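Heads up, the thing below is written out as structure tokens.
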Amino acid sequence: MVYSEEFVAHSSSVNCLKIGRKSSRVLVTGGEDHKVNLWAIGKPNAILSLSGHSSGVDSVSFDSSEVLVAAGAASGTIKLWDLEEAKIIRTLTGHRSNCISLDFHPFGEFFASGSLDTNLKIWDIRRKGCIHTYKGHTRGVNAIRFTPDGRWVVSGGEDNTVKLWDLTAGKLLHEFKSHEGQIQCIDFHPHEFLLATGSADRTVKFWDLETFELIGSAGPEASDLTANIDLSVLQERLTNMINLG
């Protein structure tokens with residue numbers, strides 16, 4: 001049986017949300033009403049409602065300990081809240097347009113942000129500022145994620161490309177160009193060295209991050225798209241995903 005619950009989260013559009021990865025029991029939402037709201041999953045009333053942005057909130061993210069929340073706004077400003085004290089501890093400026101993607105490093109004290117200004121930025125929480133800006137996308141950055149091992153950060157853009165950046169070297173390591181529409185979402189398998197990318201072209205593509213090769217594609221015309229892919233490799237990798245997941 002599937003249980004569902006509906007509740008009013010904001011006074012206007014809900015633009016973004018994230019579930020805390022550590023406990024899977026808390027949810028943060030960002031709205032067009034400029035608010036960032038914190039919820040206990042299963043409870044209809046917000047634990048906290050955080051004010052401070054002067055424009056709609058386009059992206060939110062928890063840190064690994066679920067003590068901090070970062071929120072990016074349509075103005076490009078990012079605010080960092082300490083949830084235990086329910087107060088803003090950082091206001092970070094540098095993006096020139098909507099900050100529409102955020103992700104905390106899995107264990108370091110910094111996070112990444114992507115913006116419609118085409119830039120990906122890395123922010124150090126302790127230094128209170130931007131420590132690196134990655135330039136290379138020709139249109140807005142819709143999605144960003146750190147790899148589970150924390151060595152790389154991947155960005156997906158409105159320019160239809162996925163870029164993989166080496167954090168240690170501070171430069172572009174690889175670019176994936178098989179999508180025919182803007183990149184909407186990206187994620188990693190937790191155990192396999194495998195990247196999934198979803199696009200407005202209606203496909204999801206699977207990439208082997210050891211070889212940087214396309215190993216699978218799913219979509220409305222998947223039979224055509226996978227015609228030239230080594231299906232034995234794809235089957236082996238997806239079988240491992242099922243067994244390990």
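If you're wondering about the labels, chains in the structure tokens are A, B, ... by order shown, residues count from 1 in each chain, ligands from 1 in order shown.
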
List every residue of stretch 60-140 of chain A that DSSP, applied to the backbone of this structure, assigns to strand (DSSP E or B), and report them as number ranges by chain.
A: 60-62, 68-73, 78-82, 87-92, 99-104, 110-115, 120-124, 129-134

Selection above as a file: N, CA and C atoms, as a short mmCIF file (atom, residue, chain, number, x, y, z; two decimals), in the first residue's frame:
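Writing the result to part.cif gives the following:
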data_model
loop_
_atom_site.label_atom_id
_atom_site.label_comp_id
_atom_site.auth_asym_id
_atom_site.auth_seq_id
_atom_site.Cartn_x
_atom_site.Cartn_y
_atom_site.Cartn_z
N VAL A 60 17.95 24.67 -2.83
CA VAL A 60 18.22 24.43 -1.42
C VAL A 60 19.05 23.16 -1.28
N SER A 61 19.81 23.07 -0.18
CA SER A 61 20.60 21.87 0.07
C SER A 61 20.99 21.80 1.54
N PHE A 62 20.99 20.59 2.11
CA PHE A 62 21.52 20.34 3.44
C PHE A 62 23.01 20.03 3.36
N LEU A 68 23.35 22.61 8.63
CA LEU A 68 23.33 23.80 7.78
C LEU A 68 22.42 23.59 6.58
N VAL A 69 21.80 24.66 6.15
CA VAL A 69 21.04 24.68 4.90
C VAL A 69 21.52 25.87 4.08
N ALA A 70 21.81 25.62 2.81
CA ALA A 70 22.13 26.70 1.87
C ALA A 70 20.93 26.89 0.95
N ALA A 71 20.65 28.15 0.63
CA ALA A 71 19.53 28.47 -0.25
C ALA A 71 19.97 29.52 -1.25
N GLY A 72 19.75 29.23 -2.54
CA GLY A 72 20.10 30.16 -3.60
C GLY A 72 18.85 30.82 -4.16
N ALA A 73 18.95 32.11 -4.44
CA ALA A 73 17.77 32.89 -4.83
C ALA A 73 17.86 33.37 -6.28
N ILE A 78 23.24 33.72 -2.22
CA ILE A 78 23.11 32.47 -1.46
C ILE A 78 23.16 32.81 0.02
N LYS A 79 22.24 32.26 0.78
CA LYS A 79 22.26 32.42 2.24
C LYS A 79 22.43 31.06 2.89
N LEU A 80 23.23 31.07 3.95
CA LEU A 80 23.53 29.85 4.69
C LEU A 80 22.96 29.98 6.08
N TRP A 81 22.09 29.04 6.47
CA TRP A 81 21.45 29.05 7.77
C TRP A 81 22.02 27.97 8.68
N ASP A 82 22.18 28.32 9.95
CA ASP A 82 22.45 27.35 11.01
C ASP A 82 21.09 26.96 11.58
N LYS A 87 19.36 30.86 12.40
CA LYS A 87 19.80 32.19 11.96
C LYS A 87 20.74 32.09 10.76
N ILE A 88 20.81 33.18 10.01
CA ILE A 88 21.72 33.26 8.86
C ILE A 88 23.13 33.46 9.37
N ILE A 89 24.05 32.61 8.89
CA ILE A 89 25.45 32.77 9.29
C ILE A 89 26.32 33.28 8.14
N ARG A 90 25.83 33.19 6.90
CA ARG A 90 26.57 33.70 5.75
C ARG A 90 25.59 34.23 4.72
N THR A 91 25.94 35.33 4.09
CA THR A 91 25.27 35.80 2.88
C THR A 91 26.35 35.93 1.82
N LEU A 92 26.22 35.14 0.76
CA LEU A 92 27.28 35.01 -0.23
C LEU A 92 26.80 35.56 -1.57
N CYS A 99 20.52 31.56 -8.88
CA CYS A 99 21.28 30.40 -8.41
C CYS A 99 20.31 29.22 -8.35
N ILE A 100 20.35 28.34 -9.34
CA ILE A 100 19.32 27.31 -9.47
C ILE A 100 19.80 25.91 -9.10
N SER A 101 21.04 25.77 -8.63
CA SER A 101 21.51 24.45 -8.20
C SER A 101 22.56 24.60 -7.11
N LEU A 102 22.45 23.72 -6.10
CA LEU A 102 23.36 23.73 -4.96
C LEU A 102 23.66 22.29 -4.56
N ASP A 103 24.89 22.05 -4.09
CA ASP A 103 25.21 20.74 -3.52
C ASP A 103 26.37 20.90 -2.55
N PHE A 104 26.23 20.33 -1.35
CA PHE A 104 27.32 20.31 -0.38
C PHE A 104 28.28 19.18 -0.69
N PHE A 110 32.63 22.74 2.38
CA PHE A 110 32.34 23.67 1.29
C PHE A 110 31.21 23.11 0.44
N PHE A 111 30.69 23.97 -0.42
CA PHE A 111 29.59 23.56 -1.29
C PHE A 111 29.74 24.22 -2.65
N ALA A 112 28.98 23.73 -3.62
CA ALA A 112 29.03 24.23 -4.99
C ALA A 112 27.69 24.84 -5.36
N SER A 113 27.72 25.82 -6.25
CA SER A 113 26.50 26.44 -6.74
C SER A 113 26.59 26.63 -8.25
N GLY A 114 25.44 26.49 -8.90
CA GLY A 114 25.35 26.72 -10.33
C GLY A 114 24.29 27.76 -10.62
N SER A 115 24.52 28.56 -11.66
CA SER A 115 23.66 29.71 -11.90
C SER A 115 23.34 29.88 -13.38
N LEU A 120 29.86 27.94 -12.40
CA LEU A 120 29.83 27.02 -11.27
C LEU A 120 30.83 27.55 -10.26
N LYS A 121 30.39 27.74 -9.01
CA LYS A 121 31.27 28.30 -7.98
C LYS A 121 31.41 27.32 -6.82
N ILE A 122 32.60 27.32 -6.22
CA ILE A 122 32.87 26.54 -5.01
C ILE A 122 33.05 27.54 -3.87
N TRP A 123 32.32 27.29 -2.78
CA TRP A 123 32.33 28.21 -1.64
C TRP A 123 32.89 27.49 -0.41
N ASP A 124 33.81 28.15 0.28
CA ASP A 124 34.37 27.61 1.53
C ASP A 124 33.61 28.23 2.70
N GLY A 129 33.68 32.69 1.68
CA GLY A 129 33.64 33.21 0.33
C GLY A 129 33.90 32.18 -0.74
N CYS A 130 33.87 32.66 -1.99
CA CYS A 130 34.10 31.80 -3.16
C CYS A 130 35.59 31.52 -3.28
N ILE A 131 35.94 30.25 -3.43
CA ILE A 131 37.35 29.89 -3.57
C ILE A 131 37.70 29.48 -5.00
N HIS A 132 36.68 29.23 -5.83
CA HIS A 132 36.97 28.90 -7.23
C HIS A 132 35.72 29.10 -8.08
N THR A 133 35.90 29.60 -9.28
CA THR A 133 34.82 29.72 -10.25
C THR A 133 35.20 28.94 -11.50
N TYR A 134 34.34 28.00 -11.87
CA TYR A 134 34.57 27.21 -13.09
C TYR A 134 33.73 27.81 -14.21
#

I'd like the neighbourhood of A:His10 as a list in words, where a residue qualifies if any of its atoms comes within 7 Å (using only C-alpha atoms), though same-chain residues fewer than 2 positions away should be ignored.
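Contacts, with the query itself left out: Val8, Ser12, Ser13, Val14, Gly31 and Asp33 of chain A.
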
Could you give me, as a PDB file with N, CA, C and O atoms, in the first residue's frame, the residues within 12 Å of A:Asn142, counting only C-alpha atoms and dropping anything in the same chain fewer than 6 positions from it?
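Now in part_15.pdb:
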ATOM      1  N   ASP A  58      15.366  29.485  -5.406  1.00  0.00           N
ATOM      2  CA  ASP A  58      15.422  28.572  -6.546  1.00  0.00           C
ATOM      3  C   ASP A  58      16.168  27.273  -6.260  1.00  0.00           C
ATOM      4  O   ASP A  58      16.099  26.339  -7.059  1.00  0.00           O
ATOM      5  N   SER A  59      16.917  27.199  -5.148  1.00  0.00           N
ATOM      6  CA  SER A  59      17.681  25.984  -4.850  1.00  0.00           C
ATOM      7  C   SER A  59      17.932  25.901  -3.352  1.00  0.00           C
ATOM      8  O   SER A  59      18.106  26.925  -2.684  1.00  0.00           O
ATOM      9  N   ASN A  98      20.059  33.983 -11.406  1.00  0.00           N
ATOM     10  CA  ASN A  98      19.460  32.958 -10.546  1.00  0.00           C
ATOM     11  C   ASN A  98      20.421  31.837 -10.188  1.00  0.00           C
ATOM     12  O   ASN A  98      21.051  31.237 -11.062  1.00  0.00           O
ATOM     13  N   CYS A  99      20.522  31.557  -8.885  1.00  0.00           N
ATOM     14  CA  CYS A  99      21.280  30.397  -8.406  1.00  0.00           C
ATOM     15  C   CYS A  99      20.305  29.222  -8.353  1.00  0.00           C
ATOM     16  O   CYS A  99      19.495  29.136  -7.424  1.00  0.00           O
ATOM     17  N   ILE A 100      20.355  28.342  -9.336  1.00  0.00           N
ATOM     18  CA  ILE A 100      19.325  27.309  -9.475  1.00  0.00           C
ATOM     19  C   ILE A 100      19.797  25.910  -9.100  1.00  0.00           C
ATOM     20  O   ILE A 100      19.027  24.957  -9.208  1.00  0.00           O
ATOM     21  N   SER A 101      21.042  25.770  -8.633  1.00  0.00           N
ATOM     22  CA  SER A 101      21.511  24.451  -8.203  1.00  0.00           C
ATOM     23  C   SER A 101      22.559  24.602  -7.112  1.00  0.00           C
ATOM     24  O   SER A 101      23.414  25.488  -7.171  1.00  0.00           O
ATOM     25  N   LEU A 102      22.447  23.725  -6.104  1.00  0.00           N
ATOM     26  CA  LEU A 102      23.364  23.731  -4.962  1.00  0.00           C
ATOM     27  C   LEU A 102      23.663  22.293  -4.559  1.00  0.00           C
ATOM     28  O   LEU A 102      22.799  21.427  -4.635  1.00  0.00           O
ATOM     29  N   ASP A 103      24.890  22.049  -4.088  1.00  0.00           N
ATOM     30  CA  ASP A 103      25.212  20.740  -3.515  1.00  0.00           C
ATOM     31  C   ASP A 103      26.373  20.898  -2.550  1.00  0.00           C
ATOM     32  O   ASP A 103      27.378  21.541  -2.875  1.00  0.00           O
ATOM     33  N   SER A 113      27.724  25.816  -6.254  1.00  0.00           N
ATOM     34  CA  SER A 113      26.496  26.444  -6.735  1.00  0.00           C
ATOM     35  C   SER A 113      26.586  26.632  -8.246  1.00  0.00           C
ATOM     36  O   SER A 113      27.646  26.896  -8.800  1.00  0.00           O
ATOM     37  N   GLY A 114      25.441  26.488  -8.898  1.00  0.00           N
ATOM     38  CA  GLY A 114      25.347  26.716 -10.334  1.00  0.00           C
ATOM     39  C   GLY A 114      24.292  27.764 -10.622  1.00  0.00           C
ATOM     40  O   GLY A 114      23.274  27.849  -9.923  1.00  0.00           O
ATOM     41  N   SER A 115      24.520  28.556 -11.657  1.00  0.00           N
ATOM     42  CA  SER A 115      23.661  29.715 -11.899  1.00  0.00           C
ATOM     43  C   SER A 115      23.341  29.883 -13.381  1.00  0.00           C
ATOM     44  O   SER A 115      24.052  29.386 -14.262  1.00  0.00           O
ATOM     45  N   LEU A 116      22.272  30.640 -13.629  1.00  0.00           N
ATOM     46  CA  LEU A 116      21.949  31.008 -15.006  1.00  0.00           C
ATOM     47  C   LEU A 116      23.011  31.928 -15.606  1.00  0.00           C
ATOM     48  O   LEU A 116      23.000  32.166 -16.812  1.00  0.00           O
ATOM     49  N   ASP A 117      23.928  32.442 -14.773  1.00  0.00           N
ATOM     50  CA  ASP A 117      25.024  33.260 -15.313  1.00  0.00           C
ATOM     51  C   ASP A 117      26.101  32.410 -15.983  1.00  0.00           C
ATOM     52  O   ASP A 117      27.127  32.945 -16.403  1.00  0.00           O
ATOM     53  N   THR A 118      25.894  31.106 -16.070  1.00  0.00           N
ATOM     54  CA  THR A 118      26.752  30.087 -16.719  1.00  0.00           C
ATOM     55  C   THR A 118      27.902  29.594 -15.843  1.00  0.00           C
ATOM     56  O   THR A 118      28.652  28.721 -16.260  1.00  0.00           O
ATOM     57  N   ASN A 119      28.046  30.126 -14.638  1.00  0.00           N
ATOM     58  CA  ASN A 119      29.199  29.772 -13.803  1.00  0.00           C
ATOM     59  C   ASN A 119      28.852  28.745 -12.727  1.00  0.00           C
ATOM     60  O   ASN A 119      27.743  28.709 -12.203  1.00  0.00           O
ATOM     61  N   LEU A 120      29.857  27.935 -12.402  1.00  0.00           N
ATOM     62  CA  LEU A 120      29.830  27.017 -11.270  1.00  0.00           C
ATOM     63  C   LEU A 120      30.830  27.547 -10.257  1.00  0.00           C
ATOM     64  O   LEU A 120      31.992  27.801 -10.594  1.00  0.00           O
ATOM     65  N   VAL A 154      30.288  17.575 -10.883  1.00  0.00           N
ATOM     66  CA  VAL A 154      29.725  17.467 -12.227  1.00  0.00           C
ATOM     67  C   VAL A 154      28.619  18.505 -12.373  1.00  0.00           C
ATOM     68  O   VAL A 154      27.819  18.726 -11.461  1.00  0.00           O
ATOM     69  N   SER A 155      28.587  19.153 -13.528  1.00  0.00           N
ATOM     70  CA  SER A 155      27.566  20.172 -13.795  1.00  0.00           C
ATOM     71  C   SER A 155      26.855  19.861 -15.102  1.00  0.00           C
ATOM     72  O   SER A 155      27.452  19.395 -16.068  1.00  0.00           O
ATOM     73  N   GLY A 156      25.541  20.115 -15.117  1.00  0.00           N
ATOM     74  CA  GLY A 156      24.740  19.941 -16.319  1.00  0.00           C
ATOM     75  C   GLY A 156      24.102  21.255 -16.710  1.00  0.00           C
ATOM     76  O   GLY A 156      23.569  21.969 -15.851  1.00  0.00           O
ATOM     77  N   GLY A 157      24.158  21.593 -17.994  1.00  0.00           N
ATOM     78  CA  GLY A 157      23.753  22.922 -18.412  1.00  0.00           C
ATOM     79  C   GLY A 157      22.649  22.987 -19.442  1.00  0.00           C
ATOM     80  O   GLY A 157      22.280  21.993 -20.071  1.00  0.00           O
ATOM     81  N   GLU A 158      22.159  24.204 -19.621  1.00  0.00           N
ATOM     82  CA  GLU A 158      21.195  24.491 -20.678  1.00  0.00           C
ATOM     83  C   GLU A 158      21.837  24.418 -22.060  1.00  0.00           C
ATOM     84  O   GLU A 158      21.135  24.485 -23.070  1.00  0.00           O
ATOM     85  N   ASP A 159      23.163  24.283 -22.098  1.00  0.00           N
ATOM     86  CA  ASP A 159      23.886  24.148 -23.371  1.00  0.00           C
ATOM     87  C   ASP A 159      23.972  22.693 -23.812  1.00  0.00           C
ATOM     88  O   ASP A 159      24.743  22.363 -24.733  1.00  0.00           O
ATOM     89  N   ASN A 160      23.212  21.804 -23.162  1.00  0.00           N
ATOM     90  CA  ASN A 160      23.116  20.372 -23.497  1.00  0.00           C
ATOM     91  C   ASN A 160      24.339  19.563 -23.086  1.00  0.00           C
ATOM     92  O   ASN A 160      24.437  18.380 -23.432  1.00  0.00           O
ATOM     93  N   THR A 161      25.282  20.153 -22.380  1.00  0.00           N
ATOM     94  CA  THR A 161      26.506  19.453 -22.035  1.00  0.00           C
ATOM     95  C   THR A 161      26.574  19.144 -20.540  1.00  0.00           C
ATOM     96  O   THR A 161      25.978  19.835 -19.712  1.00  0.00           O
ATOM     97  N   VAL A 162      27.320  18.081 -20.228  1.00  0.00           N
ATOM     98  CA  VAL A 162      27.645  17.714 -18.857  1.00  0.00           C
ATOM     99  C   VAL A 162      29.155  17.832 -18.717  1.00  0.00           C
ATOM    100  O   VAL A 162      29.903  17.273 -19.525  1.00  0.00           O
ATOM    101  N   LYS A 163      29.598  18.576 -17.718  1.00  0.00           N
ATOM    102  CA  LYS A 163      31.026  18.793 -17.536  1.00  0.00           C
ATOM    103  C   LYS A 163      31.472  18.212 -16.199  1.00  0.00           C
ATOM    104  O   LYS A 163      30.776  18.375 -15.187  1.00  0.00           O
ATOM    105  N   GLN A 182      18.671  20.439 -23.094  1.00  0.00           N
ATOM    106  CA  GLN A 182      19.344  20.911 -21.890  1.00  0.00           C
ATOM    107  C   GLN A 182      19.299  19.855 -20.791  1.00  0.00           C
ATOM    108  O   GLN A 182      18.364  19.063 -20.706  1.00  0.00           O
ATOM    109  N   ILE A 183      20.327  19.845 -19.959  1.00  0.00           N
ATOM    110  CA  ILE A 183      20.429  18.879 -18.870  1.00  0.00           C
ATOM    111  C   ILE A 183      19.559  19.369 -17.716  1.00  0.00           C
ATOM    112  O   ILE A 183      19.680  20.507 -17.270  1.00  0.00           O
ATOM    113  N   GLN A 184      18.706  18.481 -17.214  1.00  0.00           N
ATOM    114  CA  GLN A 184      17.778  18.842 -16.146  1.00  0.00           C
ATOM    115  C   GLN A 184      18.200  18.301 -14.785  1.00  0.00           C
ATOM    116  O   GLN A 184      17.921  18.913 -13.752  1.00  0.00           O
ATOM    117  N   CYS A 185      18.858  17.142 -14.760  1.00  0.00           N
ATOM    118  CA  CYS A 185      19.192  16.511 -13.484  1.00  0.00           C
ATOM    119  C   CYS A 185      20.347  15.530 -13.676  1.00  0.00           C
ATOM    120  O   CYS A 185      20.542  14.981 -14.770  1.00  0.00           O
ATOM    121  N   ILE A 186      21.118  15.338 -12.609  1.00  0.00           N
ATOM    122  CA  ILE A 186      22.236  14.393 -12.628  1.00  0.00           C
ATOM    123  C   ILE A 186      22.308  13.700 -11.271  1.00  0.00           C
ATOM    124  O   ILE A 186      21.926  14.269 -10.246  1.00  0.00           O
ATOM    125  N   THR A 197      22.402  10.996 -16.286  1.00  0.00           N
ATOM    126  CA  THR A 197      22.045  12.362 -16.658  1.00  0.00           C
ATOM    127  C   THR A 197      20.678  12.359 -17.328  1.00  0.00           C
ATOM    128  O   THR A 197      20.405  11.535 -18.198  1.00  0.00           O
ATOM    129  N   GLY A 198      19.822  13.275 -16.892  1.00  0.00           N
ATOM    130  CA  GLY A 198      18.495  13.399 -17.486  1.00  0.00           C
ATOM    131  C   GLY A 198      18.381  14.709 -18.239  1.00  0.00           C
ATOM    132  O   GLY A 198      18.872  15.751 -17.791  1.00  0.00           O
ATOM    133  N   SER A 199      17.703  14.669 -19.394  1.00  0.00           N
ATOM    134  CA  SER A 199      17.701  15.818 -20.295  1.00  0.00           C
ATOM    135  C   SER A 199      16.305  16.139 -20.814  1.00  0.00           C
ATOM    136  O   SER A 199      15.400  15.295 -20.804  1.00  0.00           O
ATOM    137  N   ALA A 200      16.152  17.371 -21.296  1.00  0.00           N
ATOM    138  CA  ALA A 200      14.918  17.783 -21.957  1.00  0.00           C
ATOM    139  C   ALA A 200      14.716  17.039 -23.275  1.00  0.00           C
ATOM    140  O   ALA A 200      13.630  17.124 -23.863  1.00  0.00           O
TER     141      ALA A 200
END

Selected residue, from A:Arg151, A:Gly42, A:Asp208, A:Asp63, that lies nearest to A:Lys18 when counting only C-alpha atoms:
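Among A:Arg151, A:Gly42, A:Asp208, A:Asp63, it is A:Asp63 that comes nearest to A:Lys18.
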
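The residues of stretch 3-234 of chain A that DSSP classifies as alpha helix (DSSP H), using the backbone of this structure, are Ala222, Ser223, Asp224, Leu225, Leu231, Ser232, Val233 and Leu234 of chain A.
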
I'd like the contact shell of A:Phe193 - 7 Å cut-off, only C-alpha atoms, skipping same-chain residues fewer than 3 positions apart - returned as a ChimeraX atom specification.
/A:189,208-210

Would you mind telling me which residue in A:Pro190, A:Pro220, A:Gly76, A:Gly94 lies nearest to A:Thr203 when using only C-alpha atoms?
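Among the listed residues, A:Pro220 lies closest to A:Thr203.
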
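Excluding stretch 165-168 of chain A and any residue on its chain fewer than 4 positions from it, the residues at most 8 Å away by only C-alpha atoms are Arg151, Trp152, Val153, Val154, Leu172, Leu173 and His174 of chain A.
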
Include all heavy atoms and write out the residues we just selected as an mmCIF file, in the first residue's frame.
data_model
loop_
_atom_site.group_PDB
_atom_site.id
_atom_site.type_symbol
_atom_site.label_atom_id
_atom_site.label_comp_id
_atom_site.auth_asym_id
_atom_site.auth_seq_id
_atom_site.Cartn_x
_atom_site.Cartn_y
_atom_site.Cartn_z
ATOM 1 N N ARG A 151 35.979 13.804 -5.035
ATOM 2 C CA ARG A 151 37.126 14.269 -5.846
ATOM 3 C C ARG A 151 36.717 15.215 -6.963
ATOM 4 O O ARG A 151 37.490 16.079 -7.363
ATOM 5 C CB ARG A 151 37.855 13.077 -6.462
ATOM 6 C CG ARG A 151 38.589 12.201 -5.470
ATOM 7 C CD ARG A 151 39.476 11.209 -6.201
ATOM 8 N NE ARG A 151 38.700 10.393 -7.119
ATOM 9 C CZ ARG A 151 39.220 9.767 -8.180
ATOM 10 N NH1 ARG A 151 40.504 9.920 -8.478
ATOM 11 N NH2 ARG A 151 38.460 9.020 -8.951
ATOM 12 N N TRP A 152 35.524 15.023 -7.495
ATOM 13 C CA TRP A 152 35.064 15.769 -8.659
ATOM 14 C C TRP A 152 33.712 16.400 -8.377
ATOM 15 O O TRP A 152 32.988 15.996 -7.470
ATOM 16 C CB TRP A 152 34.916 14.849 -9.876
ATOM 17 C CG TRP A 152 36.149 14.120 -10.295
ATOM 18 C CD1 TRP A 152 37.445 14.483 -10.074
ATOM 19 C CD2 TRP A 152 36.206 12.883 -11.017
ATOM 20 N NE1 TRP A 152 38.303 13.569 -10.621
ATOM 21 C CE2 TRP A 152 37.578 12.570 -11.208
ATOM 22 C CE3 TRP A 152 35.240 12.019 -11.536
ATOM 23 C CZ2 TRP A 152 37.999 11.429 -11.881
ATOM 24 C CZ3 TRP A 152 35.656 10.872 -12.214
ATOM 25 C CH2 TRP A 152 37.020 10.584 -12.387
ATOM 26 N N VAL A 153 33.360 17.392 -9.208
ATOM 27 C CA VAL A 153 32.010 17.940 -9.221
ATOM 28 C C VAL A 153 31.543 17.935 -10.677
ATOM 29 O O VAL A 153 32.330 18.213 -11.591
ATOM 30 C CB VAL A 153 31.953 19.352 -8.600
ATOM 31 C CG1 VAL A 153 32.784 20.363 -9.388
ATOM 32 C CG2 VAL A 153 30.510 19.822 -8.452
ATOM 33 N N VAL A 154 30.288 17.575 -10.883
ATOM 34 C CA VAL A 154 29.725 17.467 -12.227
ATOM 35 C C VAL A 154 28.619 18.505 -12.373
ATOM 36 O O VAL A 154 27.819 18.726 -11.461
ATOM 37 C CB VAL A 154 29.170 16.050 -12.476
ATOM 38 C CG1 VAL A 154 28.469 15.971 -13.824
ATOM 39 C CG2 VAL A 154 30.290 15.021 -12.413
ATOM 40 N N LEU A 172 38.642 21.589 -15.889
ATOM 41 C CA LEU A 172 37.760 20.647 -16.563
ATOM 42 C C LEU A 172 38.506 19.352 -16.852
ATOM 43 O O LEU A 172 39.597 19.365 -17.424
ATOM 44 C CB LEU A 172 37.252 21.257 -17.876
ATOM 45 C CG LEU A 172 36.270 20.411 -18.692
ATOM 46 C CD1 LEU A 172 34.950 20.256 -17.949
ATOM 47 C CD2 LEU A 172 36.043 21.046 -20.060
ATOM 48 N N LEU A 173 37.900 18.227 -16.465
ATOM 49 C CA LEU A 173 38.499 16.920 -16.701
ATOM 50 C C LEU A 173 37.888 16.234 -17.916
ATOM 51 O O LEU A 173 38.584 15.602 -18.692
ATOM 52 C CB LEU A 173 38.327 16.037 -15.460
ATOM 53 C CG LEU A 173 38.985 14.664 -15.479
ATOM 54 C CD1 LEU A 173 40.501 14.790 -15.595
ATOM 55 C CD2 LEU A 173 38.611 13.887 -14.214
ATOM 56 N N HIS A 174 36.577 16.374 -18.081
ATOM 57 C CA HIS A 174 35.915 15.735 -19.227
ATOM 58 C C HIS A 174 34.592 16.435 -19.509
ATOM 59 O O HIS A 174 33.990 17.047 -18.628
ATOM 60 C CB HIS A 174 35.666 14.250 -18.942
ATOM 61 C CG HIS A 174 35.269 13.476 -20.162
ATOM 62 N ND1 HIS A 174 36.169 13.085 -21.126
ATOM 63 C CD2 HIS A 174 34.051 13.037 -20.582
ATOM 64 C CE1 HIS A 174 35.537 12.432 -22.082
ATOM 65 N NE2 HIS A 174 34.250 12.392 -21.779
#

Using only C-alpha atoms, which protein or nucleic acid residues come within 7 Å of A:Ser51? Drop anything in the same chain fewer than 5 positions from it, and give the result as a PyMOL selection string.
chain A and resi 34-36

Since we have the selection now, will you write its residues out, keeping all heavy atoms, as a PDB file, in the first residue's frame?
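File produced: result_32.pdb:
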ATOM      1  N   HIS A  34       9.868  33.691  -1.121  1.00  0.00           N
ATOM      2  CA  HIS A  34      11.156  34.111  -0.549  1.00  0.00           C
ATOM      3  C   HIS A  34      11.523  33.318   0.714  1.00  0.00           C
ATOM      4  O   HIS A  34      12.535  33.629   1.346  1.00  0.00           O
ATOM      5  CB  HIS A  34      11.198  35.609  -0.211  1.00  0.00           C
ATOM      6  CG  HIS A  34      10.774  36.518  -1.317  1.00  0.00           C
ATOM      7  ND1 HIS A  34      10.699  37.901  -1.160  1.00  0.00           N
ATOM      8  CD2 HIS A  34      10.418  36.271  -2.599  1.00  0.00           C
ATOM      9  CE1 HIS A  34      10.300  38.450  -2.298  1.00  0.00           C
ATOM     10  NE2 HIS A  34      10.119  37.472  -3.182  1.00  0.00           N
ATOM     11  N   LYS A  35      10.724  32.324   1.081  1.00  0.00           N
ATOM     12  CA  LYS A  35      10.937  31.588   2.329  1.00  0.00           C
ATOM     13  C   LYS A  35      11.670  30.273   2.092  1.00  0.00           C
ATOM     14  O   LYS A  35      11.594  29.659   1.023  1.00  0.00           O
ATOM     15  CB  LYS A  35       9.599  31.276   3.012  1.00  0.00           C
ATOM     16  CG  LYS A  35       8.778  32.500   3.419  1.00  0.00           C
ATOM     17  CD  LYS A  35       9.454  33.269   4.528  1.00  0.00           C
ATOM     18  CE  LYS A  35       8.623  34.480   4.961  1.00  0.00           C
ATOM     19  NZ  LYS A  35       7.500  34.141   5.808  1.00  0.00           N
ATOM     20  N   VAL A  36      12.379  29.834   3.148  1.00  0.00           N
ATOM     21  CA  VAL A  36      12.976  28.502   3.211  1.00  0.00           C
ATOM     22  C   VAL A  36      12.331  27.805   4.407  1.00  0.00           C
ATOM     23  O   VAL A  36      12.428  28.291   5.543  1.00  0.00           O
ATOM     24  CB  VAL A  36      14.515  28.573   3.404  1.00  0.00           C
ATOM     25  CG1 VAL A  36      15.098  27.178   3.599  1.00  0.00           C
ATOM     26  CG2 VAL A  36      15.167  29.273   2.219  1.00  0.00           C
TER      27      VAL A  36
END
